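> Take this structure first; my questions come after.
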Amino acid sequence: MYHAIVFLPLLGAIVAGFGGRAIGAKASEYITSGFMVIAAILSWVAFLTVAMAHDDHSATVQVMRWIQVGSLDVNWAFRIDTLTAVMLVVVNTVSTLVHIYSIGYMHHDPHRPRFFAYLSLFTFAMLMLVTSDNLVQMFFGWEGVGLASYLLIGFWYKKPSANSAAMKAFIVNRVGDFGFALGIFGVFVLFGSVNFDTIFANAATYLPAEGAEASTDTVLTFLGYSLDKSHALTVVCLLLFMGAMGKSAQFLLHTWLPDAMEGPTPVSALIHAATMVTAGVFLVARMSPIFELSQTALTVVVIIGATTAFFAATVGLVQNDIKRVIAYSTCSQLGYMFVALGIGAYGAAVFHLFTHAFFKALLFLGAGSVIHAVSDEQDMRRMGGLRKLIPTTYWMMIIGTVALTGVGIPGTLIGTAGFFSKDAIIESAFVAQNSAAGYAFVMLVVAALFTSFYSWRLIFMTFHGKPRATADVMHHVHDSPPVMLVPLFILAVGAILAGVVFHGYFFGHHYDEFWKGALFTLPDNNIVDEFHNVPFLVKWSATIVMLLGLLGAWYMYIRSPQTPASLAAQHNGLYKFLLNKWYFDELYDFLFVRPAKRLGSFLWKRGDGWLIDGFGPNNIAARVSGLAQRAVKVQTGFLYHYAFAMLIGVAALVTWIMLGGIH
Amino acid sequence: MTVVELTQSLNIAAPELALAVGSMVLLMIGVFAPKDSANSTVTGLAVALLIGVLGWMVFFDEQGTAFGGAFVQDAFAYFFKILTLVGSIVALVMSVGFAREEKFDRFEFPILIILATLGMMLMISATSLLSLYMALELQSLALYVIAAINRDSARSTEAGLKYFVLGALSSGMMLYGISLVYGFTGHVGFTEIAAALTGQERSVGLLFGLAFLLTGLAFKISAVPFHMWTPDVYEGAPTPVTAFFAAAPKMAAMAMLVRVVTDAFGTVTGDWQQIIIFISIASMALGAVAAIGQNNIKRLMAYSSIGHMGYALVGLAAGTVAGVQGVLVYMAIYLAMTLGTFAFILAMRRKDEGNVESINDLAGYAQNNPLQATVLTILMFSLAGIPPLAGFWGKWYVFLAAVEAGLYPLAIIGVVASVVGAFYYLRIIKIMWFDEPESKFVSAAGELRLVMGLSGIFVVGFIVFGGPIAAYAENAAKALF
Amino acid sequence: MLLTGLGAAFFYLFAFVAIASAVMVISARNPVHSVLYLILTFFNAAALFILTGAEFLGMILLVVYIGAVAVLFLFVVMMLDVDFASMKRGALDYAPIGAMVGIVLASELLIVLGAQFIGVGQPGSVASPTPDPLTRTNTAALGDIIYTDYIFFFQIAGMVLLVAMIGAIVLTLRPTRPGVKRQNMGKQVARKVEDSIDVVDVETGKGL
């Protein structure tokens, strides 16, 4: 079964990728989508047998031997436990729906087989990542999704912006991947293995017991620092987290995610909302046994996560591109997840990952439906008043927004998916012992306010008010075909019900029997039990700010639509700062891109062109061709010249041999 | 010389005897055969005769010294004679189609090839300066005539005349050298010369003679600065003749050179070594550089062969068994590559223009005939010495021998020259694959395709069966030391 | 065996004339003169042969080279209307380089010979010494070895001549050229007196 889950998408990718021309676009779509449906159904079966059952069905499925060099022993195997099962469900469900949705969304595109091949390839790589049994295999999947992401962002390769966005995504991820690779090496040095079982077994006894003498032996030398065991562990965790930051677009390495919206919208929904960007969260959750041992690393995770949540939310407030708003929202929500990871609420993090996949995919696909309706227009300033024209999409977007902002009544079971997962994180942040937890709590609450504001702003600007698009565009507005709407319905069901159904399992009373040890927490970490016992105001805080955000958006975009402009004019500096995404792109351009380009162009023009080519190959080639001209000239064709040459030759030889012979 | 000795000698020299008698028989057949079928009959019989002799040599390994020490049949002679015979046979076979198309139907051509081959085999076996000179003249005279055989073509006649005059000059110099060597040692036999040189202190006059002798030999392998005839003769002679010139006589002349310096002058290695080093470097450099300016593929092959002789001489300059082994291996590989390349040159034939010789005529060969273009590309890569093809291994053996003998500068210059020389081989490949196609060639004759195929297989497969060839060459090289 | 006295005097005479006339061969303006000087050179060479006791070779040289080859040369040169002077003009441009090469070679040759014993005589070691002409004539002595010990070289020489003959025929014989008169031996032999001679009794004072 697990083989089928993982390899069906690969098979689909191969068939559509290499045989797409032969079998045609329609067949490619149906084959890949069909395989994905099977894989998705099997994933739910796996989820039910592994996660929801009482008995422990965790397993390691061996696929084949891979690398055996010295003490490095890497096998290709599937590690099946609850965490993997959850990820399988998320990945395959969203992927399947995106496949189906794309049949409608992409039906004008001439390169559909390629598109579906990439989608399936991505899914395969993502499945490799989440089923991996060791860090090397995970790295393979990690790079595989990076590659697929690159290919899909640049799918419309004739658009220069798409190409540069694809490169940006790839290059920024390289920074993170470099850290990840170093982290893997570090893990191998510290634990002597890259297999999760061995790592986790060793991690438990790695640090001396409480009170025992801490060893100060150097176990790792990094950047010239000799590190003892606990510091080495921190460094390794931070390196691994660096990889997670890159993939999950966390603060400082987030710049690629908004640009990645250049790809087709289904891609954004699949890769840049629901699955690939959560790989970082998955990595930290998977490596929880060693992250738990380093408070410093966890604190960094919390700070980065909280900062990202806040920062991305602020930027989201002023963006005008419908997809970019959702992209920043994704970034922000990933920050929530990392905060949850950092404070030890791994269950909450994965729970939010799970629910977020539904409602964010819903929002993206809904946005895709909107874009589809208004003739590929993405700027919200040229939308408006679409509510009546595309009612189904409108209601789907409302559901997504409600789920994202977390509508619900605290203390009851009434609430959307986001309500349960997000509030759990905010409350956990309040009770957590991490030194940065207070900061995180404040940031997350403010971010929740902003989230509510920009989400409703999106709804109001897109669907309410007067139409701002041209009459021609408005004339063509139409609701999407069923093949695009059905996935929206399924996701909407998930967005509404995922929270209420699963919250007890992921981060509640059934925590232990659900996870079965897939997530590791230190014995003194009992955040799962504590987060319910928070003050009334804290419990209501998220809901209150959500309502405030809704009110603010309503006031500014329905009641008095001139307010935003005047506000922007009053606080021009702040507005520009936010609109330009805190000037991160400009800063990076100044700090890294341009110096690198200058260095590159110096090495190219001066170093390679002038020095090496000029004095090396080109110079020699010029000399040689000059010599060749001369050599040709000597060959006059006159007999007596030839005879002369021979005589001169013999004279030279005789002279030489005699001079040599006299010695 | 007693009758027994004479019988023994004739027995040992049976292959040469067969060629000599066979050539005269064929001459009679040619004279009395009907005019229109004389050429094809004689060509067929000549090929059969050469193959018969080759088979004889392979199956009856009759070794020994004959004619009072003027002639020797040893492993070394066997190795080179087989190469020479292969070169002659292939060149003759390749001439069939050409003769048909270009009205080049003279039955004397195969007979002259046989006589030249006889001369070459005698050269290879010569162990006395006298037999060496006689054999050389037999071979040269036949070659002069062959070069000019297309007597209605001004270019062919010019080629023959130039070759003849310069050849006569070199023969004169060589004869002068021989007379000096005879004068200062009192002997013409190689063993006697070697014996005379061990006893006494070698005189300057002997060196003088040695230099002149080597001049004549260097002319025959077209080593710089005695190479000037090569491009003109290669270009002017009919293409099958050029193919023959590039293949068989080079084998014989190289064999003769190797035997003279190692057998007769083995005791004064230091003296001839410097001359060999000089002409080796000069040949490699000129072969690499001058070919760049050529547009005629036959001229280009002329410079290519000059360069290759330079590389082969690197092995001889080492003066060791390994070095001579390298020369042998190199010559075998050179033979295969050259014959293959000339098969392609002969196949460069258009319906309306007949045979063409410009490199630019190869443009688009890859599109018109991808398979043949691939084989030619492989041959060019091999000529350029790119691993893992045969050409690389040839260079490997000679350079390794040079390095082992401590001749580092020579090896380094050789490597640099082969890098420069790679340019024009790669240029041909570039023209074939990337230039705008010209009109197609007519499809190559069966015998040409066979030669292309065999040579391609040899070049690619050398890495597999090169070991036995190298072992055989080593065995042959040991016969001289 | 050193030449002394009269023999030595003649040796130097012939040698000097030979060299001098060889120089004249290449420097004479008129090609006919060149060939005549060549003949003179051959004569002196033949004389040198005779001086060393090789009468047979000397006579052969006279008969073959002078009697046949050189005279043929002379006819060819006389019959061909070639402006040799203009042909030589180009070559003379390179006279300085040629002279330099010649001087270098000559001086080296002098060094070589200077280091050796200068004298006139036969090589110290020969494979088959010339027998005393009184007991066995020179021609017979040559015949003793040329068909026995030197049979190999003799045969190769025969092959060389064969090649030369084939070559000459290949390069020059044009069986289809019009207007060439050929000897037809059959016809020649079959000719009868009656066919070729007509005996006519002509009366005096009258024509035919």
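Naming scheme: A, B, ... for chains in displayed order of the structure tokens; residues 1 onward per chain; ligands 1 onward as shown.
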Would you please give, as an mmCIF file with N, CA and C atoms, in the first residue's frame, all residues of region 238-276 of chain B that DSSP assigns to alpha helix (DSSP H) based on the backbone?

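File produced: result11.cif:
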```
data_model
loop_
_atom_site.group_PDB
_atom_site.id
_atom_site.type_symbol
_atom_site.label_atom_id
_atom_site.label_comp_id
_atom_site.auth_asym_id
_atom_site.auth_seq_id
_atom_site.Cartn_x
_atom_site.Cartn_y
_atom_site.Cartn_z
ATOM 1 N N THR B 239 44.109 10.145 -55.437
ATOM 2 C CA THR B 239 43.841 9.880 -54.023
ATOM 3 C C THR B 239 44.204 8.463 -53.566
ATOM 4 N N PRO B 240 43.919 7.405 -54.329
ATOM 5 C CA PRO B 240 44.324 6.077 -53.844
ATOM 6 C C PRO B 240 45.838 5.984 -53.691
ATOM 7 N N VAL B 241 46.545 6.686 -54.570
ATOM 8 C CA VAL B 241 48.000 6.699 -54.454
ATOM 9 C C VAL B 241 48.418 7.414 -53.178
ATOM 10 N N THR B 242 47.751 8.528 -52.896
ATOM 11 C CA THR B 242 48.060 9.237 -51.659
ATOM 12 C C THR B 242 47.821 8.345 -50.452
ATOM 13 N N ALA B 243 46.689 7.612 -50.503
ATOM 14 C CA ALA B 243 46.393 6.703 -49.403
ATOM 15 C C ALA B 243 47.525 5.698 -49.234
ATOM 16 N N PHE B 244 48.001 5.187 -50.365
ATOM 17 C CA PHE B 244 49.100 4.226 -50.323
ATOM 18 C C PHE B 244 50.359 4.877 -49.743
ATOM 19 N N PHE B 245 50.664 6.093 -50.232
ATOM 20 C CA PHE B 245 51.856 6.812 -49.756
ATOM 21 C C PHE B 245 51.806 7.053 -48.253
ATOM 22 N N ALA B 246 50.616 7.374 -47.782
ATOM 23 C CA ALA B 246 50.499 7.710 -46.365
ATOM 24 C C ALA B 246 50.604 6.476 -45.497
ATOM 25 N N ALA B 247 50.358 5.306 -46.080
ATOM 26 C CA ALA B 247 50.294 4.103 -45.252
ATOM 27 C C ALA B 247 51.566 3.265 -45.351
ATOM 28 N N ALA B 248 51.712 2.513 -46.435
ATOM 29 C CA ALA B 248 52.737 1.478 -46.479
ATOM 30 C C ALA B 248 54.184 2.005 -46.434
ATOM 31 N N PRO B 249 54.574 2.973 -47.298
ATOM 32 C CA PRO B 249 55.982 3.365 -47.284
ATOM 33 C C PRO B 249 56.430 3.922 -45.944
ATOM 34 N N LYS B 250 55.484 4.540 -45.217
ATOM 35 C CA LYS B 250 55.830 5.072 -43.899
ATOM 36 C C LYS B 250 56.225 3.939 -42.955
ATOM 37 N N MET B 251 55.510 2.833 -43.058
ATOM 38 C CA MET B 251 55.823 1.678 -42.213
ATOM 39 C C MET B 251 57.259 1.221 -42.497
ATOM 40 N N ALA B 252 57.534 1.021 -43.799
ATOM 41 C CA ALA B 252 58.827 0.477 -44.170
ATOM 42 C C ALA B 252 59.962 1.423 -43.785
ATOM 43 N N ALA B 253 59.760 2.718 -44.087
ATOM 44 C CA ALA B 253 60.836 3.659 -43.804
ATOM 45 C C ALA B 253 61.085 3.767 -42.312
ATOM 46 N N MET B 254 60.004 3.737 -41.541
ATOM 47 C CA MET B 254 60.184 3.825 -40.091
ATOM 48 C C MET B 254 60.898 2.578 -39.578
ATOM 49 N N ALA B 255 60.507 1.434 -40.113
ATOM 50 C CA ALA B 255 61.158 0.187 -39.700
ATOM 51 C C ALA B 255 62.659 0.257 -39.997
ATOM 52 N N MET B 256 62.963 0.757 -41.205
ATOM 53 C CA MET B 256 64.366 0.854 -41.613
ATOM 54 C C MET B 256 65.130 1.796 -40.689
ATOM 55 N N LEU B 257 64.530 2.926 -40.407
ATOM 56 C CA LEU B 257 65.180 3.899 -39.524
ATOM 57 C C LEU B 257 65.445 3.279 -38.155
ATOM 58 N N VAL B 258 64.406 2.628 -37.619
ATOM 59 C CA VAL B 258 64.555 2.034 -36.290
ATOM 60 C C VAL B 258 65.661 0.983 -36.308
ATOM 61 N N ARG B 259 65.664 0.162 -37.365
ATOM 62 C CA ARG B 259 66.649 -0.905 -37.397
ATOM 63 C C ARG B 259 68.065 -0.355 -37.543
ATOM 64 N N THR B 269 74.219 5.473 -29.127
ATOM 65 C CA THR B 269 72.862 5.998 -28.980
ATOM 66 C C THR B 269 72.838 7.506 -28.803
ATOM 67 N N GLY B 270 73.733 7.989 -27.950
ATOM 68 C CA GLY B 270 73.728 9.419 -27.652
ATOM 69 C C GLY B 270 73.871 10.280 -28.886
ATOM 70 N N ASP B 271 74.575 9.779 -29.911
ATOM 71 C CA ASP B 271 74.839 10.603 -31.081
ATOM 72 C C ASP B 271 73.604 10.762 -31.962
ATOM 73 N N TRP B 272 72.947 9.646 -32.251
ATOM 74 C CA TRP B 272 71.767 9.794 -33.122
ATOM 75 C C TRP B 272 70.556 10.262 -32.355
ATOM 76 N N GLN B 273 70.568 10.045 -31.043
ATOM 77 C CA GLN B 273 69.404 10.434 -30.246
ATOM 78 C C GLN B 273 69.092 11.915 -30.414
ATOM 79 N N GLN B 274 70.153 12.736 -30.441
ATOM 80 C CA GLN B 274 69.878 14.175 -30.533
ATOM 81 C C GLN B 274 69.290 14.547 -31.879
ATOM 82 N N ILE B 275 69.724 13.832 -32.928
ATOM 83 C CA ILE B 275 69.141 14.125 -34.242
ATOM 84 C C ILE B 275 67.670 13.723 -34.259
ATOM 85 N N ILE B 276 67.399 12.544 -33.710
ATOM 86 C CA ILE B 276 66.006 12.069 -33.683
ATOM 87 C C ILE B 276 65.142 13.026 -32.875
#
```
> Tell me the residues of chain C close to chain B, meaning within 6 Å using only C-alpha atoms, as a PDB file with N, CA and C atoms, in the first residue's frame.

```pdb
ATOM      1  N   VAL C 112      86.383  16.944 -40.446  1.00  0.00           N
ATOM      2  CA  VAL C 112      86.338  15.493 -40.402  1.00  0.00           C
ATOM      3  C   VAL C 112      87.607  14.898 -40.979  1.00  0.00           C
ATOM      4  N   SER C 125      90.055  -2.508 -44.577  1.00  0.00           N
ATOM      5  CA  SER C 125      89.455  -3.837 -44.494  1.00  0.00           C
ATOM      6  C   SER C 125      88.402  -3.957 -45.570  1.00  0.00           C
ATOM      7  N   THR C 148      77.575 -14.864 -56.716  1.00  0.00           N
ATOM      8  CA  THR C 148      77.539 -15.778 -55.572  1.00  0.00           C
ATOM      9  C   THR C 148      77.220 -15.013 -54.294  1.00  0.00           C
ATOM     10  N   ASP C 149      78.247 -14.375 -53.746  1.00  0.00           N
ATOM     11  CA  ASP C 149      78.032 -13.683 -52.476  1.00  0.00           C
ATOM     12  C   ASP C 149      77.058 -12.519 -52.636  1.00  0.00           C
ATOM     13  N   VAL C 160      65.135  -3.359 -59.716  1.00  0.00           N
ATOM     14  CA  VAL C 160      65.120  -1.900 -59.872  1.00  0.00           C
ATOM     15  C   VAL C 160      65.038  -1.548 -61.354  1.00  0.00           C
ATOM     16  N   GLY C 167      58.242   1.784 -65.460  1.00  0.00           N
ATOM     17  CA  GLY C 167      57.940   3.202 -65.251  1.00  0.00           C
ATOM     18  C   GLY C 167      58.060   3.986 -66.535  1.00  0.00           C
TER      19      GLY C 167
END
```
> Tell me which protein, DNA and RNA residues are within 12 Å of Val77 (chain C), counting only C-alpha atoms, leaving out same-chain ones fewer than 2 positions away, and put them as a compact mmCIF listing (two decimals) with all heavy atoms, in the first residue's frame.

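Final file, result.txt:
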```txt
# COMPACT_ATOMS: atom_id res chain seq x y z
N ASN C 30 76.00 27.67 -71.07
CA ASN C 30 75.41 26.90 -72.16
C ASN C 30 75.21 25.46 -71.72
O ASN C 30 76.15 24.78 -71.29
CB ASN C 30 76.38 26.95 -73.35
CG ASN C 30 75.74 26.37 -74.59
OD1 ASN C 30 74.90 25.47 -74.50
ND2 ASN C 30 76.14 26.87 -75.74
N PRO C 31 73.99 24.97 -71.79
CA PRO C 31 73.73 23.60 -71.33
C PRO C 31 74.53 22.55 -72.10
O PRO C 31 74.90 21.51 -71.52
CB PRO C 31 72.23 23.43 -71.56
CG PRO C 31 71.81 24.56 -72.41
CD PRO C 31 72.79 25.67 -72.21
N VAL C 32 74.78 22.82 -73.36
CA VAL C 32 75.59 21.85 -74.12
C VAL C 32 76.98 21.74 -73.52
O VAL C 32 77.52 20.65 -73.35
CB VAL C 32 75.66 22.26 -75.60
CG1 VAL C 32 76.55 21.31 -76.37
CG2 VAL C 32 74.28 22.31 -76.21
N HIS C 33 77.53 22.88 -73.11
CA HIS C 33 78.84 22.86 -72.45
C HIS C 33 78.77 22.07 -71.15
O HIS C 33 79.67 21.33 -70.81
CB HIS C 33 79.30 24.28 -72.17
CG HIS C 33 79.59 25.05 -73.42
ND1 HIS C 33 79.96 26.39 -73.43
CD2 HIS C 33 79.57 24.67 -74.72
CE1 HIS C 33 80.12 26.79 -74.68
NE2 HIS C 33 79.90 25.74 -75.49
N SER C 34 77.65 22.25 -70.44
CA SER C 34 77.49 21.52 -69.18
C SER C 34 77.61 20.02 -69.41
O SER C 34 78.32 19.31 -68.69
CB SER C 34 76.12 21.81 -68.57
OG SER C 34 76.12 23.08 -68.00
N VAL C 35 76.90 19.55 -70.42
CA VAL C 35 76.92 18.11 -70.67
C VAL C 35 78.33 17.68 -71.09
O VAL C 35 78.81 16.62 -70.66
CB VAL C 35 75.89 17.74 -71.76
CG1 VAL C 35 75.95 16.24 -72.04
CG2 VAL C 35 74.51 18.14 -71.33
N LEU C 36 78.98 18.51 -71.86
CA LEU C 36 80.34 18.16 -72.26
C LEU C 36 81.26 18.08 -71.05
O LEU C 36 82.09 17.18 -70.92
CB LEU C 36 80.86 19.17 -73.28
CG LEU C 36 80.17 19.08 -74.65
CD1 LEU C 36 80.62 20.21 -75.55
CD2 LEU C 36 80.45 17.73 -75.29
N ALA C 70 75.43 9.85 -71.38
CA ALA C 70 75.80 11.24 -71.54
C ALA C 70 75.53 11.72 -72.96
O ALA C 70 75.10 12.86 -73.16
CB ALA C 70 77.27 11.42 -71.18
N VAL C 71 75.75 10.84 -73.92
CA VAL C 71 75.49 11.25 -75.31
C VAL C 71 74.00 11.45 -75.52
O VAL C 71 73.56 12.39 -76.19
CB VAL C 71 76.08 10.19 -76.27
CG1 VAL C 71 75.65 10.48 -77.70
CG2 VAL C 71 77.58 10.18 -76.16
N LEU C 72 73.22 10.57 -74.88
CA LEU C 72 71.77 10.75 -74.94
C LEU C 72 71.38 12.10 -74.36
O LEU C 72 70.56 12.84 -74.90
CB LEU C 72 71.10 9.61 -74.17
CG LEU C 72 69.62 9.39 -74.45
CD1 LEU C 72 69.42 8.98 -75.89
CD2 LEU C 72 69.08 8.33 -73.51
N PHE C 73 71.99 12.41 -73.24
CA PHE C 73 71.79 13.71 -72.59
C PHE C 73 72.05 14.83 -73.58
O PHE C 73 71.28 15.77 -73.70
CB PHE C 73 72.77 13.85 -71.43
CG PHE C 73 72.18 13.57 -70.08
CD1 PHE C 73 71.22 12.58 -69.92
CD2 PHE C 73 72.60 14.28 -68.98
CE1 PHE C 73 70.69 12.33 -68.67
CE2 PHE C 73 72.07 14.04 -67.74
CZ PHE C 73 71.14 13.05 -67.57
N LEU C 74 73.17 14.65 -74.25
CA LEU C 74 73.60 15.69 -75.17
C LEU C 74 72.55 15.91 -76.26
O LEU C 74 72.18 17.04 -76.56
CB LEU C 74 74.94 15.28 -75.80
CG LEU C 74 75.79 16.38 -76.41
CD1 LEU C 74 76.07 17.48 -75.40
CD2 LEU C 74 77.09 15.80 -76.93
N PHE C 75 72.06 14.81 -76.79
CA PHE C 75 71.03 14.92 -77.83
C PHE C 75 69.79 15.62 -77.28
O PHE C 75 69.23 16.51 -77.91
CB PHE C 75 70.65 13.52 -78.35
CG PHE C 75 71.68 12.93 -79.26
CD1 PHE C 75 71.89 11.56 -79.32
CD2 PHE C 75 72.45 13.77 -80.07
CE1 PHE C 75 72.84 11.02 -80.16
CE2 PHE C 75 73.39 13.22 -80.91
CZ PHE C 75 73.59 11.86 -80.95
N MET C 79 68.20 19.02 -78.54
CA MET C 79 66.92 19.03 -79.23
C MET C 79 65.88 19.88 -78.51
O MET C 79 64.99 20.45 -79.13
CB MET C 79 66.40 17.60 -79.37
CG MET C 79 67.06 16.86 -80.54
SD MET C 79 66.94 15.10 -80.35
CE MET C 79 65.24 14.86 -80.63
N LEU C 80 65.96 19.93 -77.18
CA LEU C 80 64.95 20.68 -76.43
C LEU C 80 65.27 22.16 -76.52
O LEU C 80 66.41 22.58 -76.34
CB LEU C 80 64.92 20.26 -74.96
CG LEU C 80 64.34 18.88 -74.69
CD1 LEU C 80 64.39 18.60 -73.20
CD2 LEU C 80 62.91 18.79 -75.18
N ASP C 81 64.25 22.93 -76.77
CA ASP C 81 64.45 24.37 -76.83
C ASP C 81 64.07 24.95 -75.48
O ASP C 81 63.01 25.53 -75.29
CB ASP C 81 63.59 24.96 -77.93
CG ASP C 81 63.85 26.45 -78.06
OD1 ASP C 81 64.93 26.88 -77.65
OD2 ASP C 81 62.95 27.14 -78.54
N VAL C 82 64.95 24.75 -74.52
CA VAL C 82 64.67 25.24 -73.18
C VAL C 82 65.63 26.35 -72.83
O VAL C 82 66.84 26.23 -73.06
CB VAL C 82 64.78 24.11 -72.13
CG1 VAL C 82 64.46 24.64 -70.76
CG2 VAL C 82 63.86 22.98 -72.51
N ASP C 83 65.09 27.41 -72.31
CA ASP C 83 65.94 28.53 -71.90
C ASP C 83 66.46 28.25 -70.50
O ASP C 83 65.86 28.64 -69.49
CB ASP C 83 65.12 29.81 -71.92
CG ASP C 83 66.02 31.02 -71.69
OD1 ASP C 83 67.23 30.81 -71.51
OD2 ASP C 83 65.49 32.13 -71.67
N PHE C 84 67.56 27.50 -70.45
CA PHE C 84 68.10 27.11 -69.14
C PHE C 84 68.54 28.31 -68.32
O PHE C 84 68.47 28.31 -67.11
CB PHE C 84 69.27 26.15 -69.31
CG PHE C 84 68.83 24.77 -69.64
CD1 PHE C 84 68.76 24.33 -70.94
CD2 PHE C 84 68.46 23.90 -68.62
CE1 PHE C 84 68.35 23.05 -71.24
CE2 PHE C 84 68.06 22.62 -68.92
CZ PHE C 84 68.00 22.19 -70.24
```
> Each residue of chain A with at least one atom at most 7 Å from chain C should appear once, together with its nearest atom pair and the corresponding distance in Å (one decimal); atoms considered: only C-alpha atoms; ordering: chain, then increasing residue number; output as JSON lines.

```
{"residue": "A:Tyr640", "atom": "CA", "partner": "C:Ala91", "partner_atom": "CA", "distance": 6.8}
{"residue": "A:Ile648", "atom": "CA", "partner": "C:Val101", "partner_atom": "CA", "distance": 6.2}
{"residue": "A:Ala651", "atom": "CA", "partner": "C:Leu105", "partner_atom": "CA", "distance": 6.0}
```
> Write a file of the just-selected residues containing N, CA, C and O atoms, as a PDB file, in the first residue's frame.

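Saved as again-v6.pdb:
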```
ATOM      1  N   TYR A 640      63.288  24.078 -56.081  1.00  0.00           N
ATOM      2  CA  TYR A 640      64.600  24.398 -55.529  1.00  0.00           C
ATOM      3  C   TYR A 640      64.494  24.950 -54.118  1.00  0.00           C
ATOM      4  O   TYR A 640      65.421  24.831 -53.325  1.00  0.00           O
ATOM      5  N   ILE A 648      69.659  22.927 -46.092  1.00  0.00           N
ATOM      6  CA  ILE A 648      69.830  23.650 -44.833  1.00  0.00           C
ATOM      7  C   ILE A 648      69.637  22.695 -43.674  1.00  0.00           C
ATOM      8  O   ILE A 648      70.377  22.703 -42.693  1.00  0.00           O
ATOM      9  N   ALA A 651      72.624  20.509 -43.285  1.00  0.00           N
ATOM     10  CA  ALA A 651      73.739  21.269 -42.718  1.00  0.00           C
ATOM     11  C   ALA A 651      73.539  21.453 -41.223  1.00  0.00           C
ATOM     12  O   ALA A 651      74.471  21.305 -40.425  1.00  0.00           O
TER      13      ALA A 651
END
```
> When you get a sec, could you note down which chain A residues fall within 6 Å of chain B, using only C-alpha atoms, as a list in words?
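The selection requested is Ala628, Ala631, Tyr642, Met646, Gly649 and Val654 of chain A.
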> What is the distance, in Å and to one decimal place, between CA of Gly236 (chain B) and CA of Val419 (chain B)?
28.8 Å
> Point out the residue among A:Val538, A:Val402, A:Val483, A:Ala273 with the least atom-to-atom distance to Glu427 (chain A), counting only C-alpha atoms.
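Among the listed residues, the smallest separation from Glu427 (chain A) belongs to A:Val538.
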> From a DSSP pass on the backbone, collect the residues of region 258-432 of chain B flagged as strand (DSSP E or B) and hand them back as number ranges by chain.
B: 296, 349-350, 354-355, 358
> Save out the residues we just selected, C-alpha atoms, as a tab-separated table (two decimals), in the first residue's frame.

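For reference, out-v3.tsv as written:
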```tsv
chain	number	residue	atom	x	y	z
B	296	ASN	CA	42.60	20.63	-48.98
B	349	ARG	CA	32.37	12.19	-54.32
B	350	ARG	CA	29.56	14.14	-55.88
B	354	GLY	CA	33.39	13.90	-59.17
B	355	ASN	CA	35.85	13.59	-56.31
B	358	SER	CA	38.15	20.58	-49.87
```
> Quick one: residues within 9 Å of Val534 (chain A), only C-alpha atoms, excluding same-chain residues fewer than 4 positions away - as a PyMOL selection string?
chain A and resi 427-428+430-431+530+538-539
> Identify, on the basis of only C-alpha atoms, every residue whose closest approach to region 4-18 of chain C does not exceed 12 Å; exclude the query and any residue fewer than 4 positions from it along the same chain; express the result as a PyMOL selection string.
chain C and resi 22-25+37-53+119-121
> Just want the 12 Å neighbourhood of Leu11 (chain A), counted on only C-alpha atoms, with same-chain residues fewer than 4 positions away dropped. Output as a count of residues only.
26
> Might you pull out every residue within 7 Å of region 321-336 of chain B, with only C-alpha atoms counted and same-chain residues fewer than 2 positions away left off, and present them as a PyMOL selection string?
chain B and resi 83+87+247+251+312-313+315-316+318-319+338-340+390-391+394-395+397-398+401-402+455+470+473-474+477-478
> Choose the residue, out of A:Val91, A:Ala569, A:Leu574, A:Ile425, that has the smallest atom-to-atom separation from His532 (chain A); count only C-alpha atoms.
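Distance minimum relative to His532 (chain A) lands on A:Ile425.
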> Kindly give the distance, in Å, that separates CA of Ala349 (chain A) and CA of His54 (chain A), rounded to a single decimal.
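Interatomic distance, CA of Ala349 (chain A) to CA of His54 (chain A): 22.4 Å.
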